[in-house]
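Trainee: Got my_file34.cif for you, mmCIF, C-alpha atoms and all ligand atoms:
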data_target
#
loop_
_atom_site.label_atom_id
_atom_site.label_comp_id
_atom_site.auth_asym_id
_atom_site.auth_seq_id
_atom_site.Cartn_x
_atom_site.Cartn_y
_atom_site.Cartn_z
CA MET A 290 -61.48 114.69 92.21
CA ARG A 291 -58.82 113.63 89.73
CA THR A 292 -56.12 111.28 90.99
CA ILE A 293 -52.68 111.75 89.46
CA THR A 294 -49.64 109.58 90.06
CA HIS A 295 -47.00 111.23 87.86
CA GLN A 296 -45.44 114.58 88.55
CA HIS A 297 -45.25 115.63 84.88
CA GLU A 298 -48.98 115.21 84.45
CA LEU A 299 -49.69 117.18 87.63
CA ARG A 300 -47.32 119.99 86.63
CA GLU A 301 -49.02 120.24 83.24
CA VAL A 302 -52.57 120.40 84.61
CA LEU A 303 -51.67 122.90 87.33
CA ARG A 304 -49.83 125.18 84.89
CA ASN A 305 -53.10 125.81 83.06
CA ILE A 306 -55.02 126.37 86.30
CA ARG A 307 -52.38 128.79 87.63
CA ASP A 308 -52.30 130.66 84.31
CA GLY A 309 -56.08 131.01 84.60
CA GLY A 310 -55.54 133.01 87.81
CA ALA A 311 -56.66 130.42 90.40
CA ALA A 312 -54.89 130.30 93.77
CA ILE A 313 -53.57 126.79 94.43
CA GLY A 314 -53.55 125.28 97.92
CA LEU A 315 -51.40 122.26 98.80
CA VAL A 316 -52.20 119.83 101.63
CA PRO A 317 -49.37 117.28 101.94
CA THR A 318 -50.20 114.13 103.91
CA MET A 319 -49.04 110.55 104.37
CA GLY A 320 -52.64 109.32 104.15
CA ASN A 321 -54.63 107.43 106.78
CA LEU A 322 -56.69 110.58 106.90
CA HIS A 323 -58.61 111.66 110.00
CA ALA A 324 -60.56 114.76 111.05
CA GLY A 325 -57.29 116.67 111.63
CA HIS A 326 -56.39 116.27 107.94
CA MET A 327 -59.93 117.26 106.97
CA GLU A 328 -59.40 120.47 108.92
CA LEU A 329 -56.30 121.18 106.79
CA VAL A 330 -58.38 120.66 103.65
CA LYS A 331 -61.20 122.87 104.94
CA THR A 332 -58.74 125.66 105.76
CA ALA A 333 -57.16 125.28 102.32
CA LYS A 334 -60.59 125.50 100.70
CA ALA A 335 -61.41 128.65 102.66
CA ASN A 336 -58.21 130.31 101.45
CA THR A 337 -57.50 129.05 97.93
CA ASP A 338 -59.42 128.10 94.77
CA CYS A 339 -57.91 124.78 93.71
CA ILE A 340 -56.92 122.15 96.29
CA VAL A 341 -54.16 119.62 95.70
CA CYS A 342 -53.88 116.98 98.40
CA THR A 343 -50.93 114.60 98.35
CA ILE A 344 -50.74 111.13 99.86
CA PHE A 345 -47.23 109.78 99.98
CA VAL A 346 -45.67 107.64 102.71
CA ASN A 347 -42.23 109.17 102.53
CA PRO A 348 -39.47 106.60 103.14
CA LEU A 349 -36.88 109.35 103.70
CA GLN A 350 -38.45 110.44 106.99
CA PHE A 351 -38.47 106.95 108.57
CA GLY A 352 -35.46 105.83 110.62
CA ALA A 353 -33.84 102.42 110.19
CA ASP A 354 -35.53 101.28 113.41
CA GLU A 355 -38.96 102.58 112.35
CA ASP A 356 -41.36 100.29 110.55
CA LEU A 357 -42.11 101.95 107.20
CA THR A 358 -43.93 98.89 105.91
CA ALA A 359 -46.30 98.89 108.92
CA TYR A 360 -47.41 102.48 108.29
CA PRO A 361 -51.18 102.30 107.64
CA ARG A 362 -52.10 102.68 103.97
CA THR A 363 -55.81 103.31 103.44
CA LEU A 364 -55.92 104.89 99.97
CA GLU A 365 -59.49 103.99 98.98
CA ALA A 366 -61.01 105.24 102.27
CA ASP A 367 -58.81 108.36 102.07
CA LYS A 368 -60.00 109.08 98.53
CA ASN A 369 -63.65 108.96 99.62
CA LYS A 370 -62.96 111.47 102.39
CA LEU A 371 -61.25 113.85 99.97
CA ILE A 372 -64.04 113.47 97.39
CA ALA A 373 -66.59 114.34 100.10
CA LEU A 374 -64.70 117.61 100.70
CA GLU A 375 -64.52 118.30 96.97
CA VAL A 376 -60.74 118.26 96.74
CA ASP A 377 -59.73 118.98 93.13
CA PHE A 378 -56.60 116.81 92.77
CA LEU A 379 -55.07 113.94 94.67
CA PHE A 380 -51.39 113.40 93.92
CA ALA A 381 -50.49 109.88 95.05
CA PRO A 382 -47.19 108.88 93.43
CA SER A 383 -45.34 105.64 94.07
CA VAL A 384 -41.91 105.90 95.73
CA ASP A 385 -40.37 105.09 92.37
CA ALA A 386 -42.36 107.80 90.58
CA LEU A 387 -41.31 110.48 93.06
CA PHE A 388 -37.79 109.43 94.04
CA GLY A 389 -36.68 106.94 91.40
CA SER A 390 -35.49 103.44 92.11
CA ASN A 391 -32.98 104.48 94.79
CA PRO A 392 -34.45 107.06 97.20
CA GLN A 393 -31.21 107.02 99.21
CA GLN A 394 -29.52 108.72 96.24
CA GLN A 395 -31.88 111.73 96.45
CA SER A 396 -30.31 115.10 97.16
CA ARG A 397 -31.33 116.07 100.70
CA ILE A 398 -32.38 119.29 102.37
CA HIS A 399 -31.05 119.88 105.88
CA VAL A 400 -32.49 122.71 107.94
CA PRO A 401 -29.89 123.42 110.62
CA GLY A 402 -30.82 124.38 114.17
CA LEU A 403 -34.53 123.71 114.27
CA SER A 404 -34.10 120.13 112.99
CA GLU A 405 -31.68 119.21 115.75
CA GLY A 406 -33.44 118.77 119.13
CA PHE A 407 -36.64 117.12 120.34
CA CYS A 408 -38.05 114.87 117.57
CA GLY A 409 -34.82 115.50 115.64
CA SER A 410 -32.81 113.86 118.47
CA SER A 411 -35.19 110.93 118.90
CA ARG A 412 -35.55 110.42 115.14
CA PRO A 413 -32.19 111.28 113.53
CA GLY A 414 -32.56 112.34 109.89
CA HIS A 415 -36.34 112.61 110.21
CA PHE A 416 -36.57 116.33 109.43
CA ASP A 417 -34.13 116.03 106.51
CA GLY A 418 -36.57 113.53 105.04
CA VAL A 419 -39.55 115.80 105.72
CA ALA A 420 -37.83 118.93 104.33
CA THR A 421 -36.70 117.02 101.22
CA VAL A 422 -40.12 115.64 100.33
CA VAL A 423 -41.95 118.89 101.13
CA ASN A 424 -39.47 120.83 99.02
CA LYS A 425 -40.05 118.44 96.15
CA LEU A 426 -43.85 118.64 96.47
CA LEU A 427 -43.68 122.45 96.60
CA ASN A 428 -41.56 122.46 93.44
CA ILE A 429 -43.98 120.18 91.61
CA VAL A 430 -47.24 121.84 92.72
CA LYS A 431 -45.97 125.44 93.04
CA PRO A 432 -48.88 126.30 95.35
CA HIS A 433 -49.70 129.80 96.56
CA GLN A 434 -50.24 128.41 100.06
CA ALA A 435 -49.39 125.10 101.74
CA PHE A 436 -51.14 123.87 104.89
CA PHE A 437 -49.58 121.98 107.81
CA GLY A 438 -50.92 120.90 111.21
CA LEU A 439 -49.55 122.71 114.24
CA LYS A 440 -49.58 119.47 116.25
CA ASP A 441 -46.26 118.83 114.49
CA TYR A 442 -45.00 122.22 115.59
CA GLN A 443 -41.29 121.49 115.13
CA GLN A 444 -42.02 120.21 111.62
CA PHE A 445 -44.00 123.40 110.91
CA LEU A 446 -41.05 125.57 112.00
CA VAL A 447 -38.56 123.46 110.01
CA ILE A 448 -40.67 123.82 106.85
CA ARG A 449 -41.19 127.55 107.37
CA LYS A 450 -37.42 128.06 107.79
CA MET A 451 -36.63 126.00 104.71
CA VAL A 452 -39.08 128.08 102.67
CA SER A 453 -37.56 131.29 103.98
CA ASP A 454 -33.90 130.17 103.66
CA LEU A 455 -34.39 128.88 100.11
CA ALA A 456 -36.60 131.83 99.09
CA LEU A 457 -39.45 129.60 97.94
CA ASP A 458 -42.46 131.53 96.69
CA VAL A 459 -45.18 130.01 98.90
CA GLU A 460 -46.95 130.90 102.13
CA ILE A 461 -46.81 128.20 104.81
CA VAL A 462 -50.02 128.18 106.84
CA GLY A 463 -50.27 126.44 110.23
CA VAL A 464 -53.62 124.91 111.14
CA GLU A 465 -54.70 124.44 114.78
CA THR A 466 -54.73 120.94 116.25
CA LEU A 467 -58.06 119.13 116.42
CA ARG A 468 -58.67 117.28 119.69
CA ALA A 469 -60.91 114.51 120.96
CA GLU A 470 -63.25 115.53 123.80
CA SER A 471 -60.62 114.23 126.25
CA GLY A 472 -58.10 116.73 124.84
CA LEU A 473 -56.07 114.06 123.03
CA ALA A 474 -54.66 115.53 119.80
CA LEU A 475 -55.98 113.72 116.72
CA SER A 476 -53.23 111.67 115.09
CA SER A 477 -52.94 108.64 112.83
CA ARG A 478 -50.94 107.07 115.65
CA ASN A 479 -54.00 107.04 117.91
CA ASN A 480 -55.19 104.13 115.75
CA TYR A 481 -52.59 101.97 117.48
CA LEU A 482 -54.05 102.73 120.95
CA SER A 483 -56.72 100.79 122.85
CA GLU A 484 -59.65 102.79 124.26
CA GLU A 485 -58.02 102.70 127.70
CA GLN A 486 -54.69 103.91 126.27
CA ARG A 487 -56.49 106.78 124.51
CA GLN A 488 -57.88 107.92 127.84
CA THR A 489 -54.40 107.69 129.38
CA ALA A 490 -52.90 109.58 126.43
CA ALA A 491 -55.16 112.55 127.12
CA LEU A 492 -52.92 113.26 130.14
CA ILE A 493 -50.28 114.64 127.76
CA TYR A 494 -52.53 117.57 126.88
CA ARG A 495 -53.67 117.94 130.52
CA CYS A 496 -50.00 118.33 131.55
CA LEU A 497 -49.46 120.93 128.80
CA VAL A 498 -52.53 122.92 129.88
CA ASP A 499 -51.62 122.75 133.59
CA THR A 500 -48.00 123.74 132.98
CA ALA A 501 -49.09 126.67 130.80
CA ALA A 502 -51.49 127.74 133.57
CA SER A 503 -48.66 127.67 136.14
CA ILE A 504 -46.44 129.82 133.90
CA LYS A 505 -49.28 132.26 133.24
CA ALA A 506 -49.80 132.46 137.02
CA GLY A 507 -46.16 133.57 137.39
CA ASP A 508 -44.21 130.36 138.02
CA ARG A 509 -40.84 130.60 136.21
CA ASN A 510 -39.24 127.46 137.67
CA TYR A 511 -39.25 125.85 134.24
CA HIS A 512 -36.96 123.04 135.26
CA ASP A 513 -39.24 122.02 138.15
CA LEU A 514 -42.36 122.39 136.03
CA GLU A 515 -40.87 120.15 133.31
CA ALA A 516 -39.72 117.56 135.86
CA SER A 517 -43.08 117.47 137.58
CA ALA A 518 -44.95 117.01 134.25
CA ARG A 519 -42.55 114.21 133.27
CA ASN A 520 -43.15 112.48 136.63
CA ARG A 521 -46.90 112.84 136.21
CA LEU A 522 -46.71 111.23 132.77
CA ALA A 523 -44.41 108.45 133.95
CA GLY A 524 -46.80 107.78 136.86
CA ALA A 525 -49.56 107.10 134.32
CA ASP A 526 -47.42 104.70 132.27
CA ILE A 527 -46.55 107.24 129.61
CA ARG A 528 -42.81 107.07 129.04
CA PRO A 529 -41.86 110.69 128.46
CA ASP A 530 -39.40 111.43 125.65
CA TYR A 531 -39.33 115.16 126.29
CA PHE A 532 -41.43 117.79 128.00
CA SER A 533 -39.78 121.15 127.35
CA ILE A 534 -40.71 124.78 127.86
CA CYS A 535 -39.32 126.75 124.92
CA ASN A 536 -39.32 129.94 122.94
CA ALA A 537 -42.01 129.48 120.29
CA ILE A 538 -39.96 130.97 117.45
CA ASN A 539 -36.59 129.23 117.74
CA LEU A 540 -37.28 126.39 120.23
CA ALA A 541 -34.46 127.56 122.53
CA ALA A 542 -35.08 126.92 126.24
CA ALA A 543 -37.43 129.61 127.55
CA VAL A 544 -35.73 132.48 129.34
CA GLU A 545 -36.97 134.02 132.60
CA ASP A 546 -38.82 136.92 130.92
CA GLU A 547 -39.98 134.85 127.94
CA SER A 548 -43.03 136.19 126.13
CA HIS A 549 -43.63 133.68 123.27
CA PHE A 550 -43.94 130.19 124.68
CA VAL A 551 -44.34 126.74 123.27
CA ILE A 552 -44.33 123.68 125.49
CA LEU A 553 -43.36 120.60 123.50
CA ALA A 554 -44.22 117.11 124.68
CA ALA A 555 -43.53 113.62 123.37
CA GLY A 556 -44.12 110.31 125.08
CA TYR A 557 -44.56 106.62 124.46
CA ILE A 558 -47.68 104.64 125.30
CA GLY A 559 -46.79 101.06 124.56
CA PRO A 560 -44.98 101.22 121.21
CA SER A 561 -46.79 104.40 120.06
CA ARG A 562 -44.95 107.69 120.25
CA LEU A 563 -47.32 110.63 120.61
CA ILE A 564 -46.45 114.33 120.36
CA ASP A 565 -48.34 117.47 121.27
CA ASN A 566 -47.70 121.09 122.20
CA ILE A 567 -49.31 124.23 123.52
CA ARG A 568 -48.47 127.78 122.52
CA PHE A 569 -49.22 131.02 124.36
CA GLU A 570 -47.94 134.54 124.85
CA ILE A 571 -47.37 136.59 127.98
CA SER A 572 -47.09 140.33 127.54
O1 LIG B 1 -46.91 115.60 108.57
C1 LIG B 1 -46.88 114.72 107.68
O2 LIG B 1 -47.86 114.00 107.44
C2 LIG B 1 -45.60 114.50 106.88
O3 LIG B 1 -44.48 114.72 107.67
C3 LIG B 1 -45.54 115.35 105.61
C4 LIG B 1 -45.54 116.83 105.92
C5 LIG B 1 -46.74 115.02 104.71
C6 LIG B 1 -44.28 115.03 104.83
O4 LIG B 1 -44.21 113.70 104.47
#
Turn this file's structure into structure tokens for me.
Mentor:
Amino acid sequence: MRTITHQHELREVLRNIRDGGAAIGLVPTMGNLHAGHMELVKTAKANTDCIVCTIFVNPLQFGADEDLTAYPRTLEADKNKLIALEVDFLFAPSVDALFGSNPQQQSRIHVPGLSEGFCGSSRPGHFDGVATVVNKLLNIVKPHQAFFGLKDYQQFLVIRKMVSDLALDVEIVGVETLRAESGLALSSRNNYLSEEQRQTAALIYRCLVDTAASIKAGDRNYHDLEASARNRLAGADIRPDYFSICNAINLAAAVEDESHFVILAAGYIGPSRLIDNIRFEIS
């Protein structure tokens, strides 16, 4: 694996590889890699010829009240994991190398609608930061496909809409969430949880599964189902942020005869904010 820290060098190397006919796969990450990220890499390897993984803790997607400096940075351990999976290139620029000395002066991408609710309400500006950095990485790498985890389902939809709205020539591929045996979605944020909190956190997925089962069994009292899941979470010391039954394509509140569902959940355990979702169709 070759590690590159400057965009011009990466552009140059990839131009030759692209001209040689290889399909390039991009896996953008913020590092602190776990098995969920490895799944993104494995999917990228199964679909493309040359894998570019990026590690960049993007300041633009952190709010003023969020601790950017405390975000775990584990570059050496991350590199070893990527080498083991035979990733071709790691792009790990500094903030200065990617955004210059004043990131706040960067032009921003705003994806209206999908960026607004849920994590967009709790973390104002977050999706502008995500869309901006992903757009920049796509422009530098020019991959044929880019791979994102479906645990961050709203992020996935925001990125897909940006790519469609701005006519970017790349396919955005969603990769299924990896889970611990308890059902807890794998996330870098789980590192902040004690073993007991991890067991508690598994209730988020249990609530998603149970609510989906009720809907599949014919219950359409979405409001009651959401309220009961929120109470169940609160009863286990998980402070719910949202638990919402939505249309899986546009994240509008699900209608009575909805067919494409996503249930989005976010909650706090201690200071950690965890998110998860479940998607299903009813014909
Ligand atoms: O999902 C993430 O890790 C980040 O939001 C991403 C897509 C790498 C952009 O910084």
Trainee: With all atoms listed in the file counted, collect every polymer residue having an atom within 6 Å of ligand LIG 1 (chain B); state the result as a list of chain:residue names.
Mentor: A:Pro317, A:Thr318, A:Met319, A:Asn347, A:Val419, A:Val423
Trainee: Taking (-30.7, 115.7, 94.5) in the file's coordinates, which residues come within 12 Å, counting only C-alpha atoms, written as a list in words?
Mentor: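 Residues with an atom close enough to that point: Leu387, Phe388, Gly389, Asn391, Pro392, Gln393, Gln394, Gln395, Ser396, Arg397, Ile398, Thr421, Val422, Asn424 and Lys425 of chain A.
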Trainee: Can you write just those residues out, C-alpha atoms, as an mmCIF file, in the coordinates of the input?
Mentor:
data_model
loop_
_atom_site.group_PDB
_atom_site.id
_atom_site.type_symbol
_atom_site.label_atom_id
_atom_site.label_comp_id
_atom_site.auth_asym_id
_atom_site.auth_seq_id
_atom_site.Cartn_x
_atom_site.Cartn_y
_atom_site.Cartn_z
ATOM 1 C CA LEU A 387 -41.310 110.480 93.060
ATOM 2 C CA PHE A 388 -37.790 109.430 94.040
ATOM 3 C CA GLY A 389 -36.680 106.940 91.400
ATOM 4 C CA ASN A 391 -32.980 104.480 94.790
ATOM 5 C CA PRO A 392 -34.450 107.060 97.200
ATOM 6 C CA GLN A 393 -31.210 107.020 99.210
ATOM 7 C CA GLN A 394 -29.520 108.720 96.240
ATOM 8 C CA GLN A 395 -31.880 111.730 96.450
ATOM 9 C CA SER A 396 -30.310 115.100 97.160
ATOM 10 C CA ARG A 397 -31.330 116.070 100.700
ATOM 11 C CA ILE A 398 -32.380 119.290 102.370
ATOM 12 C CA THR A 421 -36.700 117.020 101.220
ATOM 13 C CA VAL A 422 -40.120 115.640 100.330
ATOM 14 C CA ASN A 424 -39.470 120.830 99.020
ATOM 15 C CA LYS A 425 -40.050 118.440 96.150
#
Trainee: Hey, what's within 12 Å of Lys370 of chain A if we count all atoms listed in the file and toss same-chain stuff fewer than 2 positions away? As a ChimeraX atom specification, please?
Mentor: /A:290,320-324,326-328,330-331,342,363-368,372-376,379
Trainee: Save the residues we just selected, C-alpha atoms, as a compact mmCIF listing (two decimals), in the coordinates of the input?
Mentor:
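Once written, result.txt looks like this:
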# COMPACT_ATOMS: atom_id res chain seq x y z
CA MET A 290 -61.48 114.69 92.21
CA GLY A 320 -52.64 109.32 104.15
CA ASN A 321 -54.63 107.43 106.78
CA LEU A 322 -56.69 110.58 106.90
CA HIS A 323 -58.61 111.66 110.00
CA ALA A 324 -60.56 114.76 111.05
CA HIS A 326 -56.39 116.27 107.94
CA MET A 327 -59.93 117.26 106.97
CA GLU A 328 -59.40 120.47 108.92
CA VAL A 330 -58.38 120.66 103.65
CA LYS A 331 -61.20 122.87 104.94
CA CYS A 342 -53.88 116.98 98.40
CA THR A 363 -55.81 103.31 103.44
CA LEU A 364 -55.92 104.89 99.97
CA GLU A 365 -59.49 103.99 98.98
CA ALA A 366 -61.01 105.24 102.27
CA ASP A 367 -58.81 108.36 102.07
CA LYS A 368 -60.00 109.08 98.53
CA ILE A 372 -64.04 113.47 97.39
CA ALA A 373 -66.59 114.34 100.10
CA LEU A 374 -64.70 117.61 100.70
CA GLU A 375 -64.52 118.30 96.97
CA VAL A 376 -60.74 118.26 96.74
CA LEU A 379 -55.07 113.94 94.67
Trainee: Could you work out how far atom CA of Arg412 of chain A lies from atom CA of Ala386 of chain A, giving the answer in Å with one decimal?
Mentor: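 Here the two named atoms are 25.6 Å from each other.
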Trainee: For atom CA of Leu329 of chain A and atom CA of Val447 of chain A, determine how far apart the two atoms are, in Å to one decimal place.
Mentor: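 Straight-line distance from atom CA of Leu329 of chain A to atom CA of Val447 of chain A works out to 18.2 Å.
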Trainee: Between A:Ile567, A:Ala541, A:Leu446, A:Ala554, which one has atoms that come closest to Val498 of chain A, using only C-alpha atoms?
Mentor: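 Ranking A:Ile567, A:Ala541, A:Leu446, A:Ala554 by distance to Val498 of chain A, first place goes to A:Ile567.
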Trainee: Provide the atom CA of Leu475 of chain A to atom CA of Gly463 of chain A distance in Å, to one decimal place.
Mentor: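 Atom-to-atom, atom CA of Leu475 of chain A to atom CA of Gly463 of chain A, that is 15.4 Å.
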Trainee: Segment 486-496 of chain A: which residues within 6 Å, counting all atoms listed in the file, same-chain residues fewer than 4 positions away excluded, as a list in words?
Mentor: Ser471, Gly472, Leu473, Leu482, Thr500 and Ala518 of chain A
Trainee: Atoms to include: C-alpha atoms. Write the selected residues as a tab-separated table (two decimals), keeping the file's coordinate frame.
Mentor:
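Ended up saving to selection04.tsv:
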chain	number	residue	atom	x	y	z
A	471	SER	CA	-60.62	114.23	126.25
A	472	GLY	CA	-58.10	116.73	124.84
A	473	LEU	CA	-56.07	114.06	123.03
A	482	LEU	CA	-54.05	102.73	120.95
A	500	THR	CA	-48.00	123.74	132.98
A	518	ALA	CA	-44.95	117.01	134.25
Trainee: Using all atoms listed in the file, which of the listed residues (A:Val452, A:Val551, A:Val316, A:Leu427) sits closest to Lys440 of chain A?
Mentor: A:Val551
Trainee: If we count all atoms listed in the file, what is near Gly418 of chain A at a cut-off of 7 Å, once residues fewer than 4 positions away on the same chain are taken out, given as a list in words?
Mentor: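 Final neighbour list, sorted by chain and number: Leu349, Gln350, Gly414 and Val422 of chain A.
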Trainee: To test the calculation: enclose all listed atoms of segment 388-406 of chain A in a box whose edges run along x, y and z, add 5 Å on each side, then state centre and edge lengths in Å to one decimal, as lines of an AutoDock Vina configuration file.
Mentor:
center_x = -33.7
center_y = 113.9
center_z = 105.3
size_x = 18.3
size_y = 30.9
size_z = 37.7
Trainee: Just the residues within 10 Å of Val544 of chain A, please, counting all atoms listed in the file, with nothing from its chain fewer than 3 positions along; format it as a compact mmCIF listing (two decimals) with C-alpha atoms, keeping the file's coordinate frame.
Mentor:
# COMPACT_ATOMS: atom_id res chain seq x y z
CA ARG A 509 -40.84 130.60 136.21
CA TYR A 511 -39.25 125.85 134.24
CA ILE A 534 -40.71 124.78 127.86
CA CYS A 535 -39.32 126.75 124.92
CA ASN A 536 -39.32 129.94 122.94
CA ALA A 541 -34.46 127.56 122.53
CA GLU A 547 -39.98 134.85 127.94
CA SER A 548 -43.03 136.19 126.13
CA PHE A 550 -43.94 130.19 124.68
Trainee: Counting all atoms listed in the file, write as a PDB file with C-alpha atoms, in the frame of the given file all protein and nucleic acid residues lying at most 7 Å from (-46.3, 130.2, 119.8) in the file's frame.
Mentor:
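Now in part_28.pdb:
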ATOM      1  CA  ALA A 537     -42.010 129.480 120.290  1.00  0.00           C
ATOM      2  CA  ILE A 538     -39.960 130.970 117.450  1.00  0.00           C
ATOM      3  CA  HIS A 549     -43.630 133.680 123.270  1.00  0.00           C
ATOM      4  CA  PHE A 550     -43.940 130.190 124.680  1.00  0.00           C
ATOM      5  CA  VAL A 551     -44.340 126.740 123.270  1.00  0.00           C
ATOM      6  CA  ARG A 568     -48.470 127.780 122.520  1.00  0.00           C
ATOM      7  CA  PHE A 569     -49.220 131.020 124.360  1.00  0.00           C
ATOM      8  CA  GLU A 570     -47.940 134.540 124.850  1.00  0.00           C
TER       9      GLU A 570
END
Trainee: Given the choices A:Phe416, A:Glu465, A:Pro348, A:Ser410, which gets closest to Phe437 of chain A if the distance is worked out from all atoms listed in the file?
Mentor: A:Glu465
Trainee: Using all atoms listed in the file, determine which residues lie at most 9 Å from segment 303-308 of chain A, disregarding the query and same-chain residues fewer than 5 positions distant; provide the list as an mmCIF file with C-alpha atoms, in the coordinates of the input.
Mentor:
data_model
loop_
_atom_site.group_PDB
_atom_site.id
_atom_site.type_symbol
_atom_site.label_atom_id
_atom_site.label_comp_id
_atom_site.auth_asym_id
_atom_site.auth_seq_id
_atom_site.Cartn_x
_atom_site.Cartn_y
_atom_site.Cartn_z
ATOM 1 C CA GLU A 298 -48.980 115.210 84.450
ATOM 2 C CA ILE A 313 -53.570 126.790 94.430
ATOM 3 C CA CYS A 339 -57.910 124.780 93.710
ATOM 4 C CA VAL A 430 -47.240 121.840 92.720
ATOM 5 C CA LYS A 431 -45.970 125.440 93.040
ATOM 6 C CA PRO A 432 -48.880 126.300 95.350
#
Trainee: Smallest atom-to-atom distance to Gly409 of chain A: which of A:Asp530, A:Leu426, A:Asp546, A:Gly438, using only C-alpha atoms?
Mentor: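 That would be A:Asp530, the residue with the smallest distance to Gly409 of chain A.
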Trainee: So, with all atoms listed in the file as the atoms that count, which of A:Phe532, A:Gln443, A:Lys505, A:Ile552 lies closest to Ser572 of chain A?
Mentor: A:Lys505
Trainee: For Phe436 of chain A, which of A:Ile340, A:Ala311, A:Cys408, A:Ile293 is the closest residue, counting all atoms listed in the file?
Mentor: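 Result for the nearest residue to Phe436 of chain A: A:Ile340.
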Trainee: With the input short on atoms, add all heavy atoms back to segment 291-296 of chain A and write it as an mmCIF file, in the frame of the given file.
Mentor:
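Generated output (out23.cif):
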data_model
loop_
_atom_site.group_PDB
_atom_site.id
_atom_site.type_symbol
_atom_site.label_atom_id
_atom_site.label_comp_id
_atom_site.auth_asym_id
_atom_site.auth_seq_id
_atom_site.Cartn_x
_atom_site.Cartn_y
_atom_site.Cartn_z
ATOM 1 N N ARG A 291 -59.645 114.394 90.677
ATOM 2 C CA ARG A 291 -58.820 113.630 89.730
ATOM 3 C C ARG A 291 -57.567 113.126 90.466
ATOM 4 O O ARG A 291 -56.877 113.930 91.124
ATOM 5 C CB ARG A 291 -58.444 114.560 88.586
ATOM 6 C CG ARG A 291 -57.559 113.942 87.560
ATOM 7 C CD ARG A 291 -57.575 114.784 86.308
ATOM 8 N NE ARG A 291 -56.432 114.513 85.467
ATOM 9 C CZ ARG A 291 -56.064 115.261 84.437
ATOM 10 N NH1 ARG A 291 -56.750 116.340 84.132
ATOM 11 N NH2 ARG A 291 -55.000 114.944 83.726
ATOM 12 N N THR A 292 -57.310 111.844 90.358
ATOM 13 C CA THR A 292 -56.120 111.280 90.990
ATOM 14 C C THR A 292 -54.991 111.206 89.963
ATOM 15 O O THR A 292 -55.182 110.712 88.854
ATOM 16 C CB THR A 292 -56.411 109.869 91.545
ATOM 17 O OG1 THR A 292 -57.460 109.983 92.505
ATOM 18 C CG2 THR A 292 -55.184 109.266 92.214
ATOM 19 N N ILE A 293 -53.836 111.723 90.370
ATOM 20 C CA ILE A 293 -52.680 111.750 89.460
ATOM 21 C C ILE A 293 -51.502 111.086 90.174
ATOM 22 O O ILE A 293 -51.288 111.286 91.374
ATOM 23 C CB ILE A 293 -52.345 113.230 89.095
ATOM 24 C CG1 ILE A 293 -53.512 113.819 88.279
ATOM 25 C CG2 ILE A 293 -51.022 113.340 88.344
ATOM 26 C CD1 ILE A 293 -53.328 115.252 87.837
ATOM 27 N N THR A 294 -50.753 110.298 89.428
ATOM 28 C CA THR A 294 -49.640 109.580 90.060
ATOM 29 C C THR A 294 -48.281 109.991 89.489
ATOM 30 O O THR A 294 -47.250 109.524 89.976
ATOM 31 C CB THR A 294 -49.824 108.050 89.897
ATOM 32 O OG1 THR A 294 -50.044 107.775 88.513
ATOM 33 C CG2 THR A 294 -50.991 107.534 90.714
ATOM 34 N N HIS A 295 -48.305 110.832 88.441
ATOM 35 C CA HIS A 295 -47.000 111.230 87.860
ATOM 36 C C HIS A 295 -46.825 112.735 87.872
ATOM 37 O O HIS A 295 -47.728 113.480 87.486
ATOM 38 C CB HIS A 295 -46.842 110.656 86.447
ATOM 39 C CG HIS A 295 -46.528 109.191 86.512
ATOM 40 N ND1 HIS A 295 -47.512 108.240 86.539
ATOM 41 C CD2 HIS A 295 -45.346 108.541 86.630
ATOM 42 C CE1 HIS A 295 -46.938 107.043 86.661
ATOM 43 N NE2 HIS A 295 -45.633 107.192 86.723
ATOM 44 N N GLN A 296 -45.666 113.154 88.329
ATOM 45 C CA GLN A 296 -45.440 114.580 88.550
ATOM 46 C C GLN A 296 -45.589 115.411 87.270
ATOM 47 O O GLN A 296 -46.060 116.542 87.325
ATOM 48 C CB GLN A 296 -44.084 114.835 89.209
ATOM 49 C CG GLN A 296 -42.923 114.124 88.583
ATOM 50 C CD GLN A 296 -41.614 114.486 89.285
ATOM 51 O OE1 GLN A 296 -41.228 115.638 89.327
ATOM 52 N NE2 GLN A 296 -40.958 113.490 89.833
#
